[in-house]
Structure formats: structure tokens, C-alpha cells
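Visitor: Quick one: the structure is below, and I'll ask about it shortly.
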Amino acid sequence: MQSTLFSSPAGPNLLPAHGEMYYQEDFLSAQEAHHYQALLESELRWVQEPIILFGKPVMQPRLTALLGDPRVPYGYSGIQMEVQNWPKGLLPLLRLVEEAAGEQFTHCLCNWYRDGADSMGWHRDNEKILGPRPTIASLSFGGTRDFQVRPYRPKGKDLPAALVGEKKRVLPLAAGSLLLMQGDMQQFWEHQLPKTKKPVQARINLTFRRLFTAKP
Ligand SMILES: O=C(O)CCC(=O)C(=O)O
Ligand SMILES: [Fe+2]
């Protein structure tokens with residue numbers, strides 16, 4: 001299979017300040033995207049798990065799976081996820097993404113949004129284990145969904161001057177696209193994948209991450 005490789009970030013930085021976000025719509029061909037979507041649907045163990053919100057367990061509105069080194073656990077919002085080995089067929093994709101991102105990833109968090117009622121709320125990927133300025137590579141398969149980004153205002157603090165007046169940005173993430181989040185983005189910006197009433201196809205998203213306790 002052939003793919004367009006790029007060694008520098010794709011396109012311009014889509015954020016005006018305090019972080020970096022790059023988007024390449026045609027990272028994978030339609031054929032490659034279909035191939036990997038089918039593999040992801042059939043070869044991962046997908047579960048719907050509760051997270052702890054305000055002390056109570058709440059089902060996440062999507063299915064999830066975590067790939068990586070089974071010796072290194074990873075969790076967020078009060079859950080510890082089971083780590084699955086990378087299916088062999090996904091390794092070429094991991095290498096492609098690593099080359100594009102200029103980063104070596106240890107884990108991949110996989111999300112399956114079954115329909116428009118599945119979603120992910122506002123958050124930052126800022127767990128300590130990711131380090132202070134993580135590079136996160138996000139690949140999309142299936143139906144296009146809107147990805148939203150807005151400045152993050154810490155409680156009781158002002159926004160940095162350069163972000164005052166910045167509105168929510170909306171980026172539709174298409175099948176086969178690559179989104180790179182880099183630099184200070186996880187410190188100063190938050191993102192979400194909102195629910196939608198529009199008819200949408202199921203979507204799978206992979207976020208490749210480097211966890212810093214991972215053994216080589
Ligand atoms: O589905 C998406 O595009 C976003 C996923 C995400 O933000 C995450 O896994 O942390
Ligand atoms: Fe995220």
C-alpha cells in the first residue's frame with residue numbers, strides 16, 4: 001500500500017497562539033482508510049466503560065479500546081484501561097503516523113462513536129504521564145464528525161492576552177485524515193467531539209500517544 005509521507009507538519013498551524021494543530025485531510029487513501037477501519041472493527045476488544053464524574057460512575061457515550069504495552073497501564077477520569085497488544089496489521093499504520101508526527105508512540109487510545117449520540121466532552125489530554133507538551137496524532141475513519149477547539153481558562157485565572165476573544169473553532173475530521181496536536185496546545189486549549197442530530201455514519205478515531213513510563 002502506498003501513502004503520502006510528509007516529514008514536516010502538514011499545512012499551516014490552525015491555532016493562532018499558545019499551541020499547534022495541523023490537519024492533513026488525505027493522509028490515507030480511501031482504500032487504506034477502509035482497510036484499517038475493517039481491521040479495527042474486527043480485531044480490537046471494544047468495551048463501553050464507566051468513568052467517575054463527580055464521584056459517580058457514568059457510562060462513556062462511546063466504545064473504547066487501548067493499544068500498547070500491556071505492562072504499562074493507562075487511565076483517565078478514574079478508570080484504568082486494559083491494554084491490548086497492537087494487532088500486527090496495524091503496525092504499518094503506527095509507523096506511518098510516527099513518521100508524520102516525528103514522535104515515537106507507546107499507546108493508542110481508540111474511540112468508536114456508533115452514531116450521533118456518541119460523543120466526547122470538553123477536555124485536555126494533559127495527564128502527567130504524557131509529559132508537559134505532548135504530541136498527539138489523531139486519525140479518523142468512517143463518518144465525518146465535527147471536532148471543536150476553544151481556549152481553556154483555568155478557574156480563577158485570565159486567559160493569556162493572545163487568546164482573549166478567541167471563539168470556538170470547528171474542524172470536520174474526514175475519513176483518512178490526520179490531526180496533529182502539539183506544543184502547548186494541551187495546556188492552553190481544550191477540545192471535544194459533540195453529539196449531533198444530523199445523520200452520521202459510525203466513526204472510529206485513534207489517538208496515538210507517548211507515555212513516558214513506557215519501557216522500550
Ligand atoms: O474523536 C476525536 O476526534 C477526539 C478524541 C479525543 O479527543 C481523545 O481521545 O482524547
Ligand atoms: Fe482528546
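FYI, nothing fancy with the C-alpha cells labels: chains A, B, ... in order, residues from 1 per chain, ligands from 1 as they appear.
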As a quick test: using only C-alpha atoms and all ligand atoms, which residues lie no more than 9 Å away from ligand 1? Give them as a short mmCIF file (atom, residue, chain, number, x, y, z; two decimals) with C-alpha atoms, in the first residue's frame.
Guide:
data_model
loop_
_atom_site.label_atom_id
_atom_site.label_comp_id
_atom_site.auth_asym_id
_atom_site.auth_seq_id
_atom_site.Cartn_x
_atom_site.Cartn_y
_atom_site.Cartn_z
CA CYS A 108 -3.11 4.38 21.08
CA LEU A 109 -6.48 5.27 22.57
CA CYS A 110 -9.24 4.11 20.23
CA ASN A 111 -12.77 5.54 20.25
CA TRP A 112 -15.78 4.14 18.37
CA TYR A 113 -18.64 6.63 18.01
CA SER A 119 -19.52 11.86 21.82
CA MET A 120 -16.59 13.07 23.92
CA GLY A 121 -16.95 16.13 26.15
CA TRP A 122 -14.60 19.11 26.59
CA HIS A 123 -11.22 18.03 27.90
CA ARG A 124 -7.48 18.40 27.59
CA ASP A 125 -5.13 15.46 27.18
CA ILE A 136 -0.85 13.55 19.93
CA SER A 138 -5.38 11.67 15.76
CA LEU A 139 -6.58 9.54 12.83
CA SER A 140 -10.19 9.33 11.73
CA ARG A 145 -17.66 14.43 12.69
CA ASP A 146 -17.03 17.96 13.92
CA PHE A 147 -14.03 18.40 16.23
CA GLN A 148 -14.24 21.57 18.33
CA LEU A 173 -12.49 15.39 10.64
CA LEU A 179 -4.80 15.78 13.01
CA GLU A 190 -9.47 22.17 25.18
CA HIS A 191 -11.29 20.04 22.62
CA GLN A 192 -14.43 17.94 22.24
CA LEU A 193 -16.41 15.82 19.81
CA ARG A 203 -16.73 6.81 13.24
CA ILE A 204 -13.54 5.36 14.69
CA ASN A 205 -10.82 7.68 15.97
CA LEU A 206 -7.31 6.71 17.03
CA THR A 207 -5.21 8.98 19.21
CA PHE A 208 -1.56 7.95 19.29
#
Visitor: Please return, as a ChimeraX atom specification, all residues of stretch 22-216 of chain A that DSSP assigns to helix (DSSP H, G or I) on the basis of the backbone.
Guide: /A:30-43,88-101,128-130,161-163,185-188
Visitor: Between atom CA of A:Asn85 and atom CA of A:Val58, what is the spacing in Å?
Guide: 26.8 Å
Visitor: Using only C-alpha atoms and all ligand atoms, which of the listed residues (A:Thr106, A:Thr213, A:Ser42, A:Gln182) sits closest to ligand 2?
Guide: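 Closest candidate: A:Gln182.
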Visitor: Pick out the residues sitting within 12 Å of stretch 24-36 of chain A, and hand them over as a ChimeraX atom specification; count only C-alpha atoms, and ignore anything fewer than 6 positions along from it in its own chain.
Guide: /A:1-6,8-14,42-44,87-94,96-97,99-101,137-144,171-181,203-206
Visitor: Just the residues within 7 Å of A:Gly19, please, counting only C-alpha atoms, with nothing from its chain fewer than 3 positions along; format it as a list in words.
Guide: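 Residues meeting the cut-off are Leu15, Gln182, Gly183, Asp184, Met185 and Phe188 of chain A.
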Visitor: Which residue out of A:Gln84, A:Gln187, A:Thr135, A:Gln201 has the minimum interatomic distance to A:Glu103 when only C-alpha atoms are used?
Guide: A:Thr135
Visitor: Please list as a PyMOL selection string every residue within 12 Å of A:Arg210, counting only C-alpha atoms and excluding residues in the same chain fewer than 5 positions away.
Guide: chain A and resi 67-69+72+74+98+101-109+125-137+215-216
Visitor: Keeping C-alpha atoms for every residue in the selection just given, could you write it to a file as a CSV table (one decimal), in the first residue's frame?
Guide:
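Okay, selection_26.csv is ready:
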chain,number,residue,atom,x,y,z
A,67,LEU,CA,-3.4,-0.4,22.4
A,68,GLY,CA,0.2,-0.5,23.7
A,69,ASP,CA,2.5,-2.3,26.0
A,72,VAL,CA,2.1,-0.1,31.2
A,74,TYR,CA,-3.1,3.9,31.4
A,98,GLU,CA,5.2,8.1,13.7
A,101,ALA,CA,4.4,13.2,13.6
A,102,GLY,CA,8.1,12.9,14.3
A,103,GLU,CA,7.4,11.1,17.5
A,104,GLN,CA,7.6,7.5,18.8
A,105,PHE,CA,4.3,6.5,20.3
A,106,THR,CA,3.8,3.9,23.0
A,107,HIS,CA,0.0,3.8,23.1
A,108,CYS,CA,-3.1,4.4,21.1
A,109,LEU,CA,-6.5,5.3,22.6
A,125,ASP,CA,-5.1,15.5,27.2
A,126,ASN,CA,-2.9,16.7,30.0
A,127,GLU,CA,-2.2,13.6,32.2
A,128,LYS,CA,1.2,13.9,33.8
A,129,ILE,CA,2.3,10.7,32.1
A,130,LEU,CA,2.0,12.4,28.7
A,131,GLY,CA,4.6,15.0,29.6
A,132,PRO,CA,4.1,18.8,29.5
A,133,ARG,CA,3.9,19.3,25.7
A,134,PRO,CA,2.6,16.1,24.2
A,135,THR,CA,2.4,15.4,20.5
A,136,ILE,CA,-0.8,13.6,19.9
A,137,ALA,CA,-1.7,12.2,16.5
A,215,LYS,CA,9.6,0.6,28.9
A,216,PRO,CA,11.4,0.3,25.5
Visitor: Which residue out of A:Leu159, A:Ile51, A:Ala117, A:Val149 has the minimum interatomic distance to A:Lys195 when only C-alpha atoms are used?
Guide: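 Counting only C-alpha atoms, the residue closest to A:Lys195 is A:Ala117.
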Visitor: If you run DSSP on the backbone here, which positions in stretch 117-150 of chain A get strand (DSSP E)? Please write them as an MDAnalysis selection string.
Guide: chainID A and resid 120:123 136:142 145:150
Visitor: Kindly export the residues of the current selection with N, CA and C atoms, as a PDB file, in the first residue's frame.
Guide:
ATOM      1  N   MET A 120     -17.601  12.881  22.860  1.00  0.00           N
ATOM      2  CA  MET A 120     -16.594  13.067  23.917  1.00  0.00           C
ATOM      3  C   MET A 120     -16.646  14.523  24.343  1.00  0.00           C
ATOM      4  N   GLY A 121     -16.784  14.767  25.641  1.00  0.00           N
ATOM      5  CA  GLY A 121     -16.947  16.132  26.146  1.00  0.00           C
ATOM      6  C   GLY A 121     -15.646  16.925  26.165  1.00  0.00           C
ATOM      7  N   TRP A 122     -15.772  18.219  26.537  1.00  0.00           N
ATOM      8  CA  TRP A 122     -14.603  19.108  26.591  1.00  0.00           C
ATOM      9  C   TRP A 122     -13.543  18.553  27.528  1.00  0.00           C
ATOM     10  N   HIS A 123     -12.319  18.496  27.058  1.00  0.00           N
ATOM     11  CA  HIS A 123     -11.217  18.029  27.900  1.00  0.00           C
ATOM     12  C   HIS A 123      -9.890  18.466  27.291  1.00  0.00           C
ATOM     13  N   ILE A 136       0.200  14.566  20.053  1.00  0.00           N
ATOM     14  CA  ILE A 136      -0.846  13.553  19.925  1.00  0.00           C
ATOM     15  C   ILE A 136      -1.298  13.536  18.471  1.00  0.00           C
ATOM     16  N   ALA A 137      -1.279  12.347  17.877  1.00  0.00           N
ATOM     17  CA  ALA A 137      -1.690  12.206  16.475  1.00  0.00           C
ATOM     18  C   ALA A 137      -3.051  11.528  16.443  1.00  0.00           C
ATOM     19  N   SER A 138      -4.000  12.151  15.759  1.00  0.00           N
ATOM     20  CA  SER A 138      -5.375  11.669  15.759  1.00  0.00           C
ATOM     21  C   SER A 138      -5.796  11.301  14.333  1.00  0.00           C
ATOM     22  N   LEU A 139      -6.170  10.026  14.156  1.00  0.00           N
ATOM     23  CA  LEU A 139      -6.576   9.536  12.832  1.00  0.00           C
ATOM     24  C   LEU A 139      -8.062   9.226  12.858  1.00  0.00           C
ATOM     25  N   SER A 140      -8.746   9.542  11.773  1.00  0.00           N
ATOM     26  CA  SER A 140     -10.193   9.327  11.725  1.00  0.00           C
ATOM     27  C   SER A 140     -10.598   8.352  10.620  1.00  0.00           C
ATOM     28  N   PHE A 141     -11.627   7.560  10.915  1.00  0.00           N
ATOM     29  CA  PHE A 141     -12.164   6.573   9.976  1.00  0.00           C
ATOM     30  C   PHE A 141     -13.686   6.640  10.027  1.00  0.00           C
ATOM     31  N   GLY A 142     -14.336   6.353   8.881  1.00  0.00           N
ATOM     32  CA  GLY A 142     -15.797   6.309   8.869  1.00  0.00           C
ATOM     33  C   GLY A 142     -16.385   7.688   8.669  1.00  0.00           C
ATOM     34  N   ARG A 145     -17.052  13.768  11.517  1.00  0.00           N
ATOM     35  CA  ARG A 145     -17.661  14.429  12.688  1.00  0.00           C
ATOM     36  C   ARG A 145     -16.916  15.728  12.962  1.00  0.00           C
ATOM     37  N   ASP A 146     -17.641  16.680  13.571  1.00  0.00           N
ATOM     38  CA  ASP A 146     -17.030  17.962  13.916  1.00  0.00           C
ATOM     39  C   ASP A 146     -16.174  17.830  15.173  1.00  0.00           C
ATOM     40  N   PHE A 147     -14.959  18.332  15.095  1.00  0.00           N
ATOM     41  CA  PHE A 147     -14.035  18.398  16.227  1.00  0.00           C
ATOM     42  C   PHE A 147     -13.992  19.866  16.623  1.00  0.00           C
ATOM     43  N   GLN A 148     -14.190  20.171  17.895  1.00  0.00           N
ATOM     44  CA  GLN A 148     -14.236  21.570  18.325  1.00  0.00           C
ATOM     45  C   GLN A 148     -13.087  21.875  19.279  1.00  0.00           C
ATOM     46  N   VAL A 149     -12.568  23.075  19.151  1.00  0.00           N
ATOM     47  CA  VAL A 149     -11.422  23.507  19.952  1.00  0.00           C
ATOM     48  C   VAL A 149     -11.703  24.906  20.487  1.00  0.00           C
ATOM     49  N   ARG A 150     -11.402  25.153  21.756  1.00  0.00           N
ATOM     50  CA  ARG A 150     -11.539  26.514  22.307  1.00  0.00           C
ATOM     51  C   ARG A 150     -10.470  26.751  23.364  1.00  0.00           C
TER      52      ARG A 150
END
Visitor: Between atom CA of A:Gln80 and atom CA of A:Arg114, what is the distance in Å, rounded to a tenth?
Guide: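 Result for atom CA of A:Gln80 versus atom CA of A:Arg114: 22.4 Å, one decimal.
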Visitor: For each of A:Met59, A:Thr196, A:Leu211, A:Trp189, take the minimum atom-to-atom distance to ligand 2, counting only C-alpha atoms and all ligand atoms, then give the residue where this is smallest.
Guide: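 Distance minimum relative to ligand 2 lands on A:Trp189.
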Visitor: Of the candidates A:Glu49, A:Tyr76, A:Gly55, A:Pro154, which one gets nearest to ligand 2 if we count only C-alpha atoms and all ligand atoms?
Guide: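 Checking each of A:Glu49, A:Tyr76, A:Gly55, A:Pro154 against ligand 2, counting only C-alpha atoms and all ligand atoms, the winner is A:Tyr76.
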